[in-house]
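Below: structure_12.cif (mmCIF, C-alpha atoms and all ligand atoms)
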```cif
data_data
#
loop_
_atom_site.label_atom_id
_atom_site.label_comp_id
_atom_site.auth_asym_id
_atom_site.auth_seq_id
_atom_site.Cartn_x
_atom_site.Cartn_y
_atom_site.Cartn_z
CA MET A 37 88.70 78.72 104.88
CA THR A 38 88.18 81.54 102.41
CA ALA A 39 91.25 83.40 101.26
CA ALA A 40 91.74 87.14 101.00
CA ASP A 41 91.06 89.07 97.82
CA PRO A 42 94.27 88.55 95.76
CA ALA A 43 94.21 92.13 94.45
CA ARG A 44 94.09 93.49 98.00
CA LEU A 45 96.90 91.18 99.07
CA ASP A 46 98.97 92.39 96.13
CA GLU A 47 98.25 96.01 97.08
CA PHE A 48 99.32 95.31 100.65
CA ARG A 49 102.62 93.82 99.46
CA ARG A 50 103.30 96.95 97.42
CA GLN A 51 102.45 99.32 100.28
CA ARG A 52 105.45 98.07 102.26
CA PHE A 53 105.48 100.67 105.04
CA GLY A 54 102.76 101.44 107.56
CA MET A 55 102.20 103.25 110.86
CA PHE A 56 101.09 101.29 113.92
CA ILE A 57 99.35 103.47 116.51
CA HIS A 58 99.06 102.25 120.11
CA TRP A 59 96.79 104.56 122.00
CA GLY A 60 94.64 104.08 125.04
CA VAL A 61 94.33 105.23 128.66
CA TYR A 62 97.69 103.55 129.40
CA ALA A 63 99.20 106.63 127.73
CA LEU A 64 98.45 108.46 131.01
CA ALA A 65 100.38 105.97 133.11
CA ALA A 66 103.11 106.54 130.49
CA ARG A 67 104.92 103.34 131.40
CA HIS A 68 104.11 100.72 128.74
CA GLU A 69 100.77 99.39 127.51
CA TRP A 70 101.11 96.27 129.68
CA VAL A 71 101.27 98.42 132.83
CA ARG A 72 98.11 96.89 134.32
CA ASN A 73 99.64 93.44 134.01
CA ARG A 74 103.24 94.36 134.88
CA GLU A 75 102.26 96.17 138.07
CA ARG A 76 99.30 93.91 138.87
CA LEU A 77 96.97 96.90 139.03
CA SER A 78 93.39 96.12 139.99
CA ARG A 79 90.57 97.52 137.92
CA ASP A 80 90.10 100.22 140.57
CA GLN A 81 93.76 101.13 140.51
CA TYR A 82 93.53 101.53 136.72
CA GLN A 83 90.37 103.64 136.88
CA PRO A 84 92.15 107.02 137.40
CA TYR A 85 93.47 106.76 133.86
CA LEU A 86 89.92 106.57 132.49
CA ASP A 87 88.82 109.35 134.83
CA ARG A 88 91.55 111.67 133.52
CA PHE A 89 91.67 110.71 129.83
CA ASP A 90 91.09 114.01 128.01
CA PRO A 91 93.34 114.35 124.93
CA ASP A 92 92.69 118.03 124.30
CA LEU A 93 95.40 118.31 121.65
CA PHE A 94 94.12 115.35 119.60
CA ASP A 95 94.56 116.23 115.93
CA PRO A 96 94.79 113.09 113.80
CA ALA A 97 95.52 115.18 110.70
CA VAL A 98 98.96 115.82 112.24
CA TRP A 99 99.58 112.08 112.70
CA ALA A 100 98.35 111.34 109.18
CA ARG A 101 100.59 113.98 107.65
CA ALA A 102 103.58 112.72 109.64
CA ALA A 103 102.87 109.22 108.37
CA ARG A 104 102.48 110.28 104.76
CA ASP A 105 105.60 112.45 104.88
CA ALA A 106 107.52 109.47 106.26
CA GLY A 107 106.52 107.47 103.18
CA MET A 108 103.99 105.34 105.02
CA THR A 109 101.02 104.16 102.98
CA TYR A 110 98.69 102.72 105.62
CA MET A 111 98.02 102.69 109.33
CA VAL A 112 96.78 100.25 111.97
CA LEU A 113 95.11 101.74 115.06
CA THR A 114 94.46 100.00 118.40
CA THR A 115 90.68 100.05 118.72
CA LYS A 116 91.02 98.08 121.99
CA HIS A 117 94.13 96.79 123.75
CA HIS A 118 94.37 94.02 126.36
CA ASP A 119 93.08 96.36 129.08
CA GLY A 120 89.70 96.25 127.32
CA PHE A 121 89.40 100.03 126.93
CA CYS A 122 87.67 100.94 123.66
CA LEU A 123 88.77 103.94 121.66
CA TRP A 124 85.31 104.24 120.12
CA ASP A 125 81.88 104.65 121.70
CA SER A 126 80.92 100.96 121.60
CA GLU A 127 77.29 99.96 122.03
CA LEU A 128 78.40 96.84 123.90
CA THR A 129 80.32 98.37 126.81
CA ASP A 130 80.79 101.55 128.80
CA TYR A 131 84.48 100.77 129.24
CA SER A 132 85.33 103.20 126.46
CA VAL A 133 85.92 106.82 125.54
CA ARG A 134 82.34 107.42 126.71
CA SER A 135 83.46 106.97 130.34
CA THR A 136 86.23 109.55 130.10
CA PRO A 137 86.17 113.36 130.26
CA TRP A 138 86.88 113.36 126.52
CA GLY A 139 83.65 111.45 125.98
CA LYS A 140 83.68 110.94 122.23
CA ASP A 141 84.81 108.67 119.46
CA LEU A 142 88.50 108.63 118.54
CA VAL A 143 88.48 105.82 115.96
CA GLY A 144 86.28 107.52 113.33
CA PRO A 145 88.16 110.85 113.24
CA THR A 146 91.52 109.04 113.11
CA ALA A 147 90.41 106.76 110.27
CA ASP A 148 89.00 109.74 108.36
CA ALA A 149 92.18 111.77 108.78
CA PHE A 150 94.35 108.97 107.39
CA ARG A 151 91.98 108.30 104.50
CA ARG A 152 92.10 112.00 103.63
CA GLU A 153 95.88 111.72 103.28
CA GLY A 154 95.37 108.73 100.99
CA LEU A 155 96.49 106.10 103.51
CA GLY A 156 94.87 102.73 104.11
CA VAL A 157 93.13 102.09 107.45
CA GLY A 158 93.46 98.92 109.52
CA PHE A 159 92.33 98.04 113.03
CA TYR A 160 94.26 96.30 115.77
CA HIS A 161 91.86 94.53 118.12
CA SER A 162 92.92 92.67 121.25
CA LEU A 163 91.60 89.15 121.73
CA LEU A 164 92.53 89.39 125.40
CA ASP A 165 90.28 91.58 127.51
CA TRP A 166 91.20 92.18 131.15
CA GLN A 167 88.04 94.14 131.85
CA GLN A 168 85.19 91.99 130.54
CA PRO A 169 83.61 90.04 133.42
CA ASP A 170 83.19 86.96 131.20
CA PHE A 171 86.83 86.81 130.16
CA PRO A 172 88.23 83.90 132.22
CA ILE A 173 91.16 84.89 134.41
CA ASP A 174 94.37 83.23 133.23
CA GLY A 175 98.11 83.36 133.80
CA LEU A 176 98.44 86.58 131.78
CA HIS A 177 95.56 88.36 133.53
CA PRO A 178 96.50 91.21 135.92
CA ASP A 179 94.12 89.76 138.54
CA PHE A 180 95.59 86.26 138.36
CA GLU A 181 97.73 86.33 141.50
CA ARG A 182 95.07 88.08 143.54
CA ASP A 183 92.05 86.08 142.41
CA GLY A 184 93.66 82.84 141.19
CA VAL A 185 91.64 80.84 138.75
CA ASP A 186 88.35 81.22 140.63
CA GLN A 187 86.30 82.21 137.60
CA HIS A 188 83.17 83.36 139.45
CA GLY A 189 81.02 82.02 136.63
CA ARG A 190 83.06 83.60 133.84
CA ASP A 191 81.92 82.17 130.51
CA VAL A 192 84.29 82.48 127.57
CA ALA A 193 81.44 81.76 125.12
CA HIS A 194 79.78 84.98 126.28
CA TYR A 195 83.06 86.79 125.89
CA ALA A 196 83.43 85.47 122.31
CA GLN A 197 79.97 86.84 121.55
CA TYR A 198 81.07 90.25 122.83
CA LEU A 199 84.27 90.06 120.81
CA HIS A 200 82.41 89.23 117.60
CA GLY A 201 79.85 91.95 118.29
CA GLN A 202 82.56 94.56 118.66
CA VAL A 203 84.31 93.48 115.48
CA GLU A 204 80.96 93.72 113.68
CA GLU A 205 80.52 97.26 115.04
CA LEU A 206 83.96 98.31 113.87
CA LEU A 207 83.60 96.85 110.40
CA THR A 208 80.20 98.43 109.79
CA LYS A 209 80.71 101.81 111.48
CA TYR A 210 84.10 102.51 109.95
CA ALA A 211 83.94 100.75 106.57
CA PRO A 212 85.93 100.16 104.50
CA VAL A 213 88.52 98.60 106.81
CA ASP A 214 91.61 97.27 105.03
CA THR A 215 93.09 95.06 107.76
CA MET A 216 92.02 93.33 110.98
CA TRP A 217 95.05 92.82 113.20
CA PHE A 218 94.03 90.50 116.06
CA ASP A 219 96.31 90.08 119.09
CA PHE A 220 96.89 87.28 120.27
CA SER A 221 96.49 83.53 121.02
CA TYR A 222 98.46 81.68 123.68
CA ARG A 223 96.87 78.25 123.94
CA ASN A 224 100.05 76.28 124.61
CA TRP A 225 102.21 78.93 126.22
CA ARG A 226 104.48 78.33 129.20
CA ASP A 227 105.20 80.71 132.05
CA ALA A 228 108.62 82.10 132.96
CA GLN A 229 109.36 78.91 134.97
CA GLY A 230 108.57 76.71 131.95
CA ARG A 231 105.29 75.41 133.40
CA PRO A 232 102.18 75.40 131.18
CA LEU A 233 100.49 78.77 131.48
CA VAL A 234 97.20 78.56 133.34
CA GLY A 235 94.17 79.19 131.13
CA GLY A 236 95.93 79.76 127.81
CA LYS A 237 93.48 80.70 125.05
CA GLY A 238 93.13 80.06 121.34
CA ALA A 239 90.79 79.38 118.43
CA ALA A 240 88.15 77.51 120.45
CA ASP A 241 87.88 80.40 122.92
CA TRP A 242 87.68 83.16 120.32
CA ARG A 243 85.56 81.00 117.96
CA SER A 244 88.12 82.04 115.39
CA ASP A 245 86.53 80.28 112.40
CA ASP A 246 83.31 82.23 112.88
CA LEU A 247 85.25 85.43 113.50
CA ILE A 248 87.13 85.00 110.22
CA SER A 249 83.85 84.33 108.38
CA LEU A 250 82.38 87.46 109.94
CA VAL A 251 85.28 89.59 108.71
CA ARG A 252 85.13 88.05 105.21
CA ARG A 253 81.39 88.75 105.02
CA LEU A 254 81.45 92.34 106.31
CA ALA A 255 84.77 93.42 104.81
CA PRO A 256 85.64 91.18 101.85
CA GLN A 257 88.68 93.30 101.04
CA ALA A 258 90.14 93.17 104.56
CA LEU A 259 93.27 91.18 105.31
CA ILE A 260 93.47 89.17 108.53
CA ASN A 261 96.70 88.55 110.43
CA ASP A 262 97.95 85.26 111.85
CA ARG A 263 97.16 85.44 115.57
CA LEU A 264 93.77 83.71 115.65
CA ASP A 265 95.30 80.25 116.15
CA VAL A 266 93.84 78.74 112.96
CA ASP A 267 96.45 77.00 110.80
CA GLY A 268 96.49 78.18 107.21
CA SER A 269 93.98 80.98 107.77
CA ALA A 270 96.32 83.94 107.84
CA ASP A 271 96.65 86.43 104.99
CA PHE A 272 99.96 87.54 106.47
CA VAL A 273 102.23 86.65 109.37
CA THR A 274 103.47 89.10 111.98
CA PRO A 275 106.97 88.73 113.46
CA GLU A 276 107.00 91.10 116.49
CA GLN A 277 110.17 93.04 117.33
CA TYR A 278 112.07 90.31 115.56
CA GLN A 279 113.67 90.56 112.14
CA PRO A 280 113.47 87.37 110.00
CA VAL A 281 116.79 86.30 108.47
CA ALA A 282 115.27 85.67 105.02
CA PRO A 283 111.90 85.83 103.21
CA VAL A 284 109.44 84.02 105.47
CA VAL A 285 108.58 80.50 104.30
CA ILE A 286 105.99 78.25 105.96
CA ASP A 287 105.76 74.57 104.94
CA GLY A 288 107.96 75.34 101.96
CA VAL A 289 105.71 78.16 100.70
CA PRO A 290 106.73 81.85 100.77
CA VAL A 291 104.15 83.85 102.74
CA THR A 292 103.16 87.50 103.00
CA TRP A 293 104.61 88.99 106.15
CA GLU A 294 104.68 92.23 108.08
CA ALA A 295 107.30 92.99 110.72
CA CYS A 296 106.04 95.18 113.55
CA GLN A 297 108.63 97.29 115.32
CA THR A 298 108.73 99.99 117.97
CA LEU A 299 110.58 103.28 117.99
CA ASN A 300 111.84 102.69 121.52
CA GLY A 301 110.86 99.19 122.71
CA SER A 302 107.42 100.17 124.03
CA TRP A 303 104.18 100.30 122.03
CA GLY A 304 102.21 102.56 124.33
CA TYR A 305 103.61 105.98 125.29
CA ASP A 306 106.50 105.35 127.69
CA ARG A 307 107.83 108.63 129.05
CA ASP A 308 111.07 107.50 130.64
CA ASN A 309 112.10 105.03 127.97
CA LEU A 310 115.51 105.75 126.48
CA ASP A 311 115.84 102.85 124.05
CA TRP A 312 115.26 104.91 120.94
CA LYS A 313 116.30 103.49 117.61
CA SER A 314 118.09 105.98 115.37
CA PRO A 315 116.45 107.04 112.10
CA GLU A 316 119.32 105.38 110.27
CA LEU A 317 118.68 102.06 112.03
CA LEU A 318 114.98 102.30 111.24
CA ILE A 319 115.65 103.02 107.56
CA LYS A 320 117.93 99.97 107.49
CA LEU A 321 115.19 97.94 109.16
CA LEU A 322 112.74 99.04 106.45
CA VAL A 323 115.19 98.26 103.67
CA ASP A 324 116.10 94.90 105.19
CA THR A 325 112.40 94.04 105.47
CA VAL A 326 111.61 94.91 101.84
CA SER A 327 114.76 93.06 100.69
CA LYS A 328 113.14 89.97 102.26
CA ASP A 329 109.74 90.62 100.64
CA GLY A 330 108.11 91.92 103.83
CA ASN A 331 106.25 94.99 105.07
CA LEU A 332 107.25 97.11 108.05
CA LEU A 333 104.61 98.38 110.48
CA LEU A 334 106.39 100.98 112.59
CA ASN A 335 104.74 101.99 115.84
CA VAL A 336 104.07 105.33 117.50
CA GLY A 337 102.46 105.83 120.91
CA PRO A 338 100.64 109.17 121.22
CA ASN A 339 100.63 110.69 124.70
CA GLY A 340 97.68 111.48 126.95
CA ARG A 341 97.06 114.86 125.35
CA GLY A 342 96.87 113.25 121.95
CA GLU A 343 100.26 114.28 120.62
CA LEU A 344 103.23 112.40 119.24
CA GLU A 345 106.27 113.34 121.26
CA PRO A 346 108.90 115.51 119.52
CA ARG A 347 111.38 112.67 119.29
CA ALA A 348 108.87 110.47 117.46
CA LEU A 349 107.99 113.29 115.05
CA ASP A 350 111.69 114.06 114.45
CA THR A 351 112.39 110.39 113.77
CA LEU A 352 109.51 110.16 111.29
CA ALA A 353 110.65 113.38 109.61
CA GLU A 354 114.17 112.00 109.26
CA ILE A 355 112.82 108.79 107.70
CA GLY A 356 110.74 111.04 105.42
CA ARG A 357 113.84 112.95 104.29
CA TRP A 358 115.25 109.63 103.10
CA MET A 359 111.97 108.35 101.66
CA ARG A 360 111.44 111.53 99.61
CA LEU A 361 114.47 110.56 97.55
CA HIS A 362 114.33 106.79 97.81
CA ALA A 363 110.67 105.71 97.92
CA ARG A 364 110.98 103.98 94.58
CA SER A 365 113.35 101.41 96.06
CA ILE A 366 110.64 100.61 98.67
CA HIS A 367 107.07 101.05 97.38
CA GLY A 368 106.21 98.25 94.98
CA ALA A 369 109.65 96.71 95.38
CA GLY A 370 110.53 93.33 96.84
CA ALA A 371 113.19 90.67 97.13
CA SER A 372 115.67 90.10 94.31
CA ALA A 373 117.05 86.78 93.11
CA PHE A 374 120.54 88.34 93.00
CA ALA A 375 122.82 87.94 96.01
CA PRO A 376 124.11 91.29 97.31
CA PRO A 377 127.69 91.98 98.35
CA ARG A 378 128.55 92.18 102.06
CA ASP A 379 126.77 94.91 104.08
CA CYS A 380 124.35 95.60 101.25
CA ARG A 381 120.68 94.82 100.55
CA TYR A 382 118.96 94.51 97.19
CA THR A 383 115.36 95.34 96.49
CA GLN A 384 113.95 94.93 93.00
CA ARG A 385 110.99 96.35 91.08
CA GLY A 386 110.74 94.96 87.55
CA ASP A 387 114.04 95.63 85.75
CA ARG A 388 115.27 98.09 88.39
CA LEU A 389 117.59 96.66 90.98
CA TYR A 390 118.29 98.81 94.06
CA LEU A 391 121.58 98.37 95.85
CA HIS A 392 121.37 99.73 99.44
CA VAL A 393 124.85 100.28 100.85
CA PHE A 394 124.77 99.93 104.67
CA SER A 395 128.53 100.29 105.11
CA TRP A 396 130.27 102.65 102.71
CA PRO A 397 133.23 100.95 100.99
CA PHE A 398 136.41 102.38 99.60
CA ARG A 399 135.83 103.24 95.95
CA HIS A 400 134.66 99.91 94.50
CA LEU A 401 131.88 97.42 95.00
CA HIS A 402 131.83 94.07 93.25
CA LEU A 403 128.38 92.79 92.42
CA PRO A 404 128.29 89.00 91.98
CA GLY A 405 126.57 87.67 88.88
CA LEU A 406 125.86 91.09 87.38
CA ALA A 407 128.64 91.32 84.77
CA GLY A 408 127.10 92.29 81.43
CA LYS A 409 123.62 92.61 82.94
CA VAL A 410 123.46 96.28 83.92
CA ARG A 411 122.70 98.89 81.23
CA TYR A 412 123.13 101.94 83.45
CA ALA A 413 123.75 102.76 87.10
CA GLN A 414 123.18 105.89 89.16
CA LEU A 415 122.97 107.08 92.74
CA LEU A 416 119.29 107.44 93.51
CA ASN A 417 119.58 110.52 95.72
CA ASP A 418 120.96 112.82 92.98
CA ALA A 419 120.78 110.82 89.73
CA SER A 420 124.55 110.98 89.34
CA GLU A 421 126.05 108.26 87.18
CA VAL A 422 127.87 105.42 88.87
CA ARG A 423 130.47 104.14 86.43
CA ARG A 424 130.83 100.44 85.73
CA VAL A 425 134.29 98.98 85.38
CA SER A 426 134.59 95.98 83.11
CA HIS A 427 136.58 92.92 84.10
CA ASP A 428 139.40 93.51 81.64
CA GLU A 429 140.11 97.05 82.80
CA GLY A 430 143.17 96.08 84.79
CA ALA A 431 143.99 95.94 88.43
CA VAL A 432 140.62 96.71 89.98
CA THR A 433 139.18 93.41 88.85
CA HIS A 434 142.33 91.33 89.05
CA PRO A 435 141.47 87.80 90.29
CA ALA A 436 143.99 88.22 93.07
CA LEU A 437 141.69 90.91 94.48
CA GLY A 438 138.93 88.38 94.86
CA THR A 439 136.71 89.20 91.91
CA THR A 440 135.57 86.87 89.12
CA PRO A 441 134.47 87.52 85.52
CA ASP A 442 130.87 87.23 86.71
CA ASP A 443 131.23 90.26 88.97
CA LEU A 444 130.23 93.73 87.92
CA THR A 445 132.49 96.29 89.55
CA ILE A 446 131.06 99.75 90.17
CA GLU A 447 133.01 102.85 91.08
CA LEU A 448 131.65 104.85 93.99
CA PRO A 449 132.61 108.32 95.20
CA ILE A 450 135.01 108.53 98.12
CA GLN A 451 132.53 110.69 100.00
CA HIS A 452 129.50 109.00 101.52
CA PRO A 453 126.49 110.60 99.78
CA ASP A 454 124.69 112.94 102.16
CA VAL A 455 121.83 110.52 102.92
CA ALA A 456 121.35 108.01 105.74
CA VAL A 457 121.53 104.95 103.46
CA PRO A 458 122.88 105.47 99.90
CA VAL A 459 121.13 103.59 97.11
CA VAL A 460 122.52 102.74 93.67
CA GLU A 461 119.81 102.24 91.05
CA LEU A 462 120.83 99.57 88.55
CA PHE A 463 118.97 99.33 85.23
CA LEU A 464 118.94 95.67 84.22
O1 LIG B 501 100.29 95.40 121.19
C1 LIG B 501 101.66 95.14 121.29
C2 LIG B 501 101.98 94.36 122.53
O2 LIG B 501 101.37 94.90 123.68
C3 LIG B 501 101.40 93.01 122.19
N1 LIG B 501 101.57 92.92 120.73
C4 LIG B 501 102.11 94.17 120.26
C5 LIG B 501 101.69 94.47 118.84
C6 LIG B 501 102.12 91.93 122.86
N2 LIG B 501 103.17 92.10 123.65
N3 LIG B 501 103.56 90.95 124.09
N4 LIG B 501 102.79 90.05 123.58
C7 LIG B 501 101.87 90.61 122.80
C8 LIG B 501 103.00 88.69 123.82
C9 LIG B 501 103.12 88.46 125.30
C10 LIG B 501 104.37 88.36 125.87
C11 LIG B 501 104.54 88.00 127.24
FE1 LIG B 501 105.06 89.07 128.80
C12 LIG B 501 105.74 87.51 127.74
C13 LIG B 501 103.55 87.91 128.23
C14 LIG B 501 104.17 87.40 129.40
C15 LIG B 501 105.52 87.16 129.10
C16 LIG B 501 105.82 90.82 128.07
C17 LIG B 501 106.60 90.38 129.11
C18 LIG B 501 104.55 91.05 128.59
C19 LIG B 501 104.57 90.73 129.94
C20 LIG B 501 105.84 90.33 130.25
#
```

Mind turning the file's structure into structure tokens?
Amino acid sequence: MTAADPARLDEFRRQRFGMFIHWGVYALAARHEWVRNRERLSRDQYQPYLDRFDPDLFDPAVWARAARDAGMTYMVLTTKHHDGFCLWDSELTDYSVRSTPWGKDLVGPTADAFRREGLGVGFYHSLLDWQQPDFPIDGLHPDFERDGVDQHGRDVAHYAQYLHGQVEELLTKYAPVDTMWFDFSYRNWRDAQGRPLVGGKGAADWRSDDLISLVRRLAPQALINDRLDVDGSADFVTPEQYQPVAPVVIDGVPVTWEACQTLNGSWGYDRDNLDWKSPELLIKLLVDTVSKDGNLLLNVGPNGRGELEPRALDTLAEIGRWMRLHARSIHGAGASAFAPPRDCRYTQRGDRLYLHVFSWPFRHLHLPGLAGKVRYAQLLNDASEVRRVSHDEGAVTHPALGTTPDDLTIELPIQHPDVAVPVVELFL
């Protein structure tokens, strides 16, 4: 199995923060991108969303600017989700923008807009396809309960051909593509009752080895995620709405990883959803991710008119207010070998160590193992000096207070700096 270009992988690890965009006709239903499965809608019942899809306010320059202002450095767009609807005018199917009132390509203009803002462009592409007549019905298919497993001559080999053909289209039409984000394999899954899921699919169904070769040939610089069900093939792994407790290690080897997270629990536009994460929580999620050597791919779900809802834009703007002052603790930074004090996270870039303080303490912080190792310290938001207190300066470092000679004690202001997450920049 060929590996990714090491320079591209290194670039990806420095980028650290990207925008995931889930957009399709499910934005009109406005109740989660799995709506066709969750509500067991037939293809006919789903058709009104294609018939009405007309995003008249589509302006990808606005999305790209919002991403850049938030400190994001790349994006990943859903070219096709599980419903099979294609956001570009594919030559291989009519189940696309072509069959909507809008009628034209949305992938090209979005990719161009992000490239113009200097962001990388990646494509999400669903392996599942609930529309293709050759995709065998399985336990995750919306038609499963109605039609059972009667496959009516469905041939997964034909489907794989279609899948490969579409990936070839995407990689040639919209080159250069930086990432292919395939979703997902479920060969040995179980259903909610713990029984093996009927018709689970994986590498043999997708012909994953050939698909990986195709991507390597057409887009040598592109990274491929870990959902093709081929051991050892992934350029990066993709914990979904789940935060790893430490840098991700597989078979004893640290791996490149990218957490994907939602703003509100849904990927597609979900009008009535109230589970919004606060900007502060999202900033902490980003910091926590980078402190564990990972990337964060944060999702937005544009609505049926092509706009990001105000709350999503406000959240991104708030993250951007923090990133404007603190990007250098994120971009190009990664895990540190030093162990942070309680309620703090370190990121490190060369000889700069960044102490992110999640819970503001009273006056002093004691940094294990850093005595004598820090030449200067300042708050990152305003470049104000943070004074270091040496161990022999009396009561503040008295052993009875729980510090040791290895600790570096720093003196913080009483007032919480006026930023969501304060950062102390330590010059090693
Ligand atoms: O595209 C987004 C999701 O739609 C897709 N991946 C992200 C990036 C995804 N969501 N869930 N999954 C992939 C895995 C499937 C989970 C399931 Fe279920 C659990 C399928 C059946 C049980 C969630 C709950 C979906 C239906 C019920």

Task: Nearest to Arg252 of chain A by atom-to-atom distance, counting all atoms listed in the file, from A:Arg399, A:Ala39, A:Gly236, A:Lys320 - done: A:Ala39

TODO: Please provide the set of residues having any atom within 12 Å of Arg347 of chain A, restricted to all atoms listed in the file, with same-chain residues fewer than 6 positions apart removed, written as a VMD selection string.
DONE: chain A and resid 299 to 300 305 307 309 to 315 336 to 338 353 to 354

Given the selection you just returned, output its residues as a file containing C-alpha atoms, formatted as a tab-separated table (two decimals), in the coordinates of the input.
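File written: selection-v3.tsv
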```tsv
chain	number	residue	atom	x	y	z
A	299	LEU	CA	110.58	103.28	117.99
A	300	ASN	CA	111.84	102.69	121.52
A	305	TYR	CA	103.61	105.98	125.29
A	307	ARG	CA	107.83	108.63	129.05
A	309	ASN	CA	112.10	105.03	127.97
A	310	LEU	CA	115.51	105.75	126.48
A	311	ASP	CA	115.84	102.85	124.05
A	312	TRP	CA	115.26	104.91	120.94
A	313	LYS	CA	116.30	103.49	117.61
A	314	SER	CA	118.09	105.98	115.37
A	315	PRO	CA	116.45	107.04	112.10
A	336	VAL	CA	104.07	105.33	117.50
A	337	GLY	CA	102.46	105.83	120.91
A	338	PRO	CA	100.64	109.17	121.22
A	353	ALA	CA	110.65	113.38	109.61
A	354	GLU	CA	114.17	112.00	109.26
```

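The shortest atom-to-atom distance to ligand LIG 501 (chain B), with all atoms listed in the file taken into account, belongs to A:Glu276 out of A:Asp267, A:Glu276, A:Glu204, A:Asp95.
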
Padding 4 Å on each side, edges along x, y and z: where is the centre of the box around the listed atoms of ligand LIG 501 (chain B), and how long are its edges in Å to one decimal? Output it as AutoDock Vina command-line options.
```
--center_x 103.4 --center_y 91.3 --center_z 124.5 --size_x 14.3 --size_y 16.2 --size_z 19.4
```

For the interface of chain A with ligand LIG 501 (chain B) (cut-off 7 Å, counting all atoms listed in the file), please tabulate each contacting residue of chain A alongside its nearest pair of atoms and their separation in Å to one decimal, rows sorted by chain and increasing number, as JSON lines.
```
{"residue": "A:Glu69", "atom": "CA", "partner": "B:LIG501", "partner_atom": "O2", "distance": 5.9}
{"residue": "A:Trp70", "atom": "CA", "partner": "B:LIG501", "partner_atom": "O2", "distance": 6.2}
{"residue": "A:Asn73", "atom": "CA", "partner": "B:LIG501", "partner_atom": "C19", "distance": 6.9}
{"residue": "A:Arg74", "atom": "CA", "partner": "B:LIG501", "partner_atom": "C19", "distance": 6.3}
{"residue": "A:His117", "atom": "CA", "partner": "B:LIG501", "partner_atom": "O1", "distance": 6.8}
{"residue": "A:Leu176", "atom": "CA", "partner": "B:LIG501", "partner_atom": "C14", "distance": 6.3}
{"residue": "A:Asp219", "atom": "CA", "partner": "B:LIG501", "partner_atom": "N1", "distance": 6.2}
{"residue": "A:Phe220", "atom": "CA", "partner": "B:LIG501", "partner_atom": "C7", "distance": 6.5}
{"residue": "A:Glu276", "atom": "CA", "partner": "B:LIG501", "partner_atom": "C5", "distance": 6.7}
{"residue": "A:Cys296", "atom": "CA", "partner": "B:LIG501", "partner_atom": "C5", "distance": 6.9}
{"residue": "A:Trp303", "atom": "CA", "partner": "B:LIG501", "partner_atom": "C1", "distance": 5.8}
```

Open item on the list: Give me the residues near segment 47-51 of chain A as a ChimeraX atom specification, where near means some atom within 7 Å (using all atoms listed in the file) and where sequence neighbours in that chain fewer than 6 positions away do not count.
Closed with: /A:109,331,367-369

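Nearest residue to Tyr82 of chain A among A:Phe94, A:Phe121, A:Phe398, A:Trp138 is A:Phe121, counting only C-alpha atoms.
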
Open item on the list: Considering all atoms listed in the file, can you say which of A:Thr383, A:Thr445, A:Thr298, A:Gln257 comes closest to Ala413 of chain A?
Closed with: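 That would be A:Thr445, the residue with the smallest distance to Ala413 of chain A.
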
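Minimum distance to Ala211 of chain A across A:Ala97, A:Ala255, A:Cys380, A:Cys122 (counting only C-alpha atoms) occurs at A:Ala255.
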
Open item on the list: Could you check the closest approach to Ser162 of chain A for each of A:Arg226, A:Lys209, A:Arg190, A:Lys116 and tell me which residue wins, using all atoms listed in the file?
Closed with: A:Lys116

Task: Contacts of Glu181 of chain A at 12 Å (only C-alpha atoms; same-chain gap of 4+ positions) as a PyMOL selection string - done: chain A and resi 73-78+173-177+185-186+234

Open item on the list: Between atom CA of Leu332 of chain A and atom CA of Asp387 of chain A, what is the distance in Å, rounded to a tenth?
Closed with: 23.4 Å
